[in-house]
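Novice: One structure, pasted below without further comment.
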Amino acid sequence: MKFQNMEFGLDKVNSQDYFVCAFGYEERSFFLYDQFEKILPQDNILVFFFEDYKNYPYVTERREQLQGKVECQIVCYSGEIIDKIEDYLEKRNCSNNVTIHVDYSSMPRKWYCGLVTQIQEKFSENKICFWYAEGEYPVDYCAYPSAGIDSYDIIGRPSLRIESKRLHVIGLSYDATRTKALISILDPNAYFSCQGYNPNAEKINKNVRELNEDVISQGVGAITVRIDDFSLMVAKLCEIAYEYYSFGDVVFVPDGPKPLILAMALVPRIVKKAGVTCLLVSRNDQCYEPVVVKATGSVFGFQIL
C-alpha cells in the first residue's frame, strides 16, 4: 500500500464523485461538507451523526437541515461503518471511474484507522482520497483537559519472542497527563517520542514540546514528522519499525493530530511482521470534556495508490 499527497481543491472534484463524512461536536466537522456540497448532488453525500448529537444544538440544527436531502445515518462511536458505506455505495451503483472522498476530521480513531485498508479492499478499482481539515484549538493549550484512558485495541500481531525487548513509539499531544499515564502502564524497555509537526502552526508545535518536556527528556530519542506530508510520514515510521525490529518488538502508541495517529496505525498493516503493533487507546468518556474546534481552512489529504 502506497500513498500520494493530495492538495485540496474543488477543481479536483467531479460531480459524479462520492463524499463521506461525520458530523461531531467540533465545528470543523462541517467545513469540508460545505465545500463538497457546492459540487456534488445531494444523493452522492453520506453523513454520519453520533448518538449524542442532540447534546449539541448546532449539530442538531444541521441534521434537521439535511434530513431528507442527503443520506444521514446515526451511529455510535464504538460501532463499525465500513458495511454502511459499502451498502450506501452499492445501492447507488458506484462505478469504478469515480472518486470516493472520505473526510476523517471528526471521526473516532477506531473508525478512520481501519477505513483506509477496508475501503481500499472493497473498492480497489476506485480512486480513494482521505481529507483532514486542520483544527484551530483554544488559545490556552495548557488547560487542555485530559481524555483519560479506557479500553484499547491492538493492530498487528505481537511476537512470541520472550527475551526480546520492547521499543515503544509514543505520539505526543496536548494531553501530557494521559501520555505519562500510558508510559507508566506500558512500562516500555525504551521509547521514542514522536511529534506531528505542523509547519503552519509553530506556536502549537512549541506548546506540545513544552507540555511533554518530561516525556521527551526521558526517551531514548525524539522524532518529528510533518503532518502535511502523509506519504513521507508513513515511510519514516515504517523505517523505524524495520530498523529496530531486529532488537525486539516495536509498539506504536499514537496520539496527537489525526494524520499522525492514522500513519502510526497503518505501520503494522504495511510492515506485516509479528512484533510490529499499534496500540489504539480509547478515551474515558466519564472524564472527557469536549473541546469545540473550528477549522483553520487548511486541508491535508492523500490518495491511496
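As shown in the C-alpha cells, the chain order sets the letters A, B, ...; within each chain, residues go from 1, and ligands are also counted from 1 in the order they appear.
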Can you pull out every residue within 12 Å of A:Tyr191, counting only C-alpha atoms, but drop anything in the same chain fewer than 4 positions away, and send it as a list in words?
Specialist: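 After dropping sequence-adjacent residues, the list is Lys165, Arg166, Leu167, His168, Val169, Ile170, Gly171, Leu182, Ile183, Ser184, Leu186, Asp187, Val215, Ile216, Ser217, Gln218, Gly219, Val220, Gly221, Ala222, Ile223, Ile240, Tyr244, Asp249, Val250, Val251, Phe252 and Val253 of chain A.
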Novice: Per DSSP on the backbone, what are the helix (DSSP H, G or I) residues of stretch 124-258 of chain A, as a ChimeraX atom specification?
Specialist: /A:141-143,176-186,202-211,213-218,230-247,258
Novice: Quick one: distance from atom CA of A:Thr117 to atom CA of A:Glu26 in Å, one decimal?
Specialist: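 Here the two named atoms are 25.5 Å from each other.
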Novice: Compare A:Tyr174, A:Tyr245, A:Tyr18, A:Phe192 by their minimum atom-to-atom distance to A:Cys129, counting only C-alpha atoms, and give me the closest one.
Specialist: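 When distances to A:Cys129 are compared using only C-alpha atoms, the smallest one comes from A:Tyr18.
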Novice: Please list as number ranges by chain every residue within 12 Å of A:Glu86, counting only C-alpha atoms and excluding residues in the same chain fewer than 5 positions away.
Specialist: A: 18, 20, 46, 80-81, 91-94, 100, 115, 118-123
Novice: Could you save the residues just selected, with C-alpha atoms, as a JSON list (two decimals), in the first residue's frame?
Specialist:
```
[["chain", "number", "residue", "atom", "x", "y", "z"],
["A", 18, "TYR", "CA", -18.97, 10.49, -3.58],
["A", 20, "VAL", "CA", -18.40, 10.50, 3.23],
["A", 46, "LEU", "CA", -23.25, 10.31, 3.17],
["A", 80, "GLU", "CA", -18.31, -0.05, 12.59],
["A", 81, "ILE", "CA", -19.18, 1.96, 9.48],
["A", 91, "LYS", "CA", -27.20, 0.91, -3.78],
["A", 92, "ARG", "CA", -26.07, 3.83, -5.93],
["A", 93, "ASN", "CA", -24.14, 1.59, -8.34],
["A", 94, "CYS", "CA", -20.87, 3.37, -7.61],
["A", 100, "ILE", "CA", -14.58, 8.26, -3.11],
["A", 115, "LEU", "CA", -11.19, 2.66, 6.97],
["A", 118, "GLN", "CA", -11.19, -1.52, 4.48],
["A", 119, "ILE", "CA", -12.26, 0.84, 1.70],
["A", 120, "GLN", "CA", -9.19, 0.03, -0.37],
["A", 121, "GLU", "CA", -10.02, -3.68, -0.20],
["A", 122, "LYS", "CA", -13.69, -3.25, -1.11],
["A", 123, "PHE", "CA", -13.30, -0.51, -3.74]]
```
Novice: For A:Pro57, please output as an MDAnalysis selection string all residues within 12 Å (counting only C-alpha atoms; exclusion window: fewer than 4 positions along the same chain).
Specialist: chainID A and resid 24:27 52:53 61:64
Novice: Got time to write the residues from that selection, C-alpha atoms, as a compact mmCIF listing (two decimals), in the first residue's frame?
Specialist:
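Output file selection_23.txt is given in full below:
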```txt
# COMPACT_ATOMS: atom_id res chain seq x y z
CA GLY A 24 -19.45 15.66 15.60
CA TYR A 25 -19.26 18.30 18.30
CA GLU A 26 -16.32 20.02 16.57
CA GLU A 27 -17.38 22.84 14.30
CA ASP A 52 -25.21 12.14 21.29
CA TYR A 53 -25.82 14.72 18.55
CA GLU A 61 -29.75 22.06 13.62
CA ARG A 62 -27.53 20.66 10.87
CA ARG A 63 -29.28 17.29 10.99
CA GLU A 64 -32.68 18.94 10.72
```
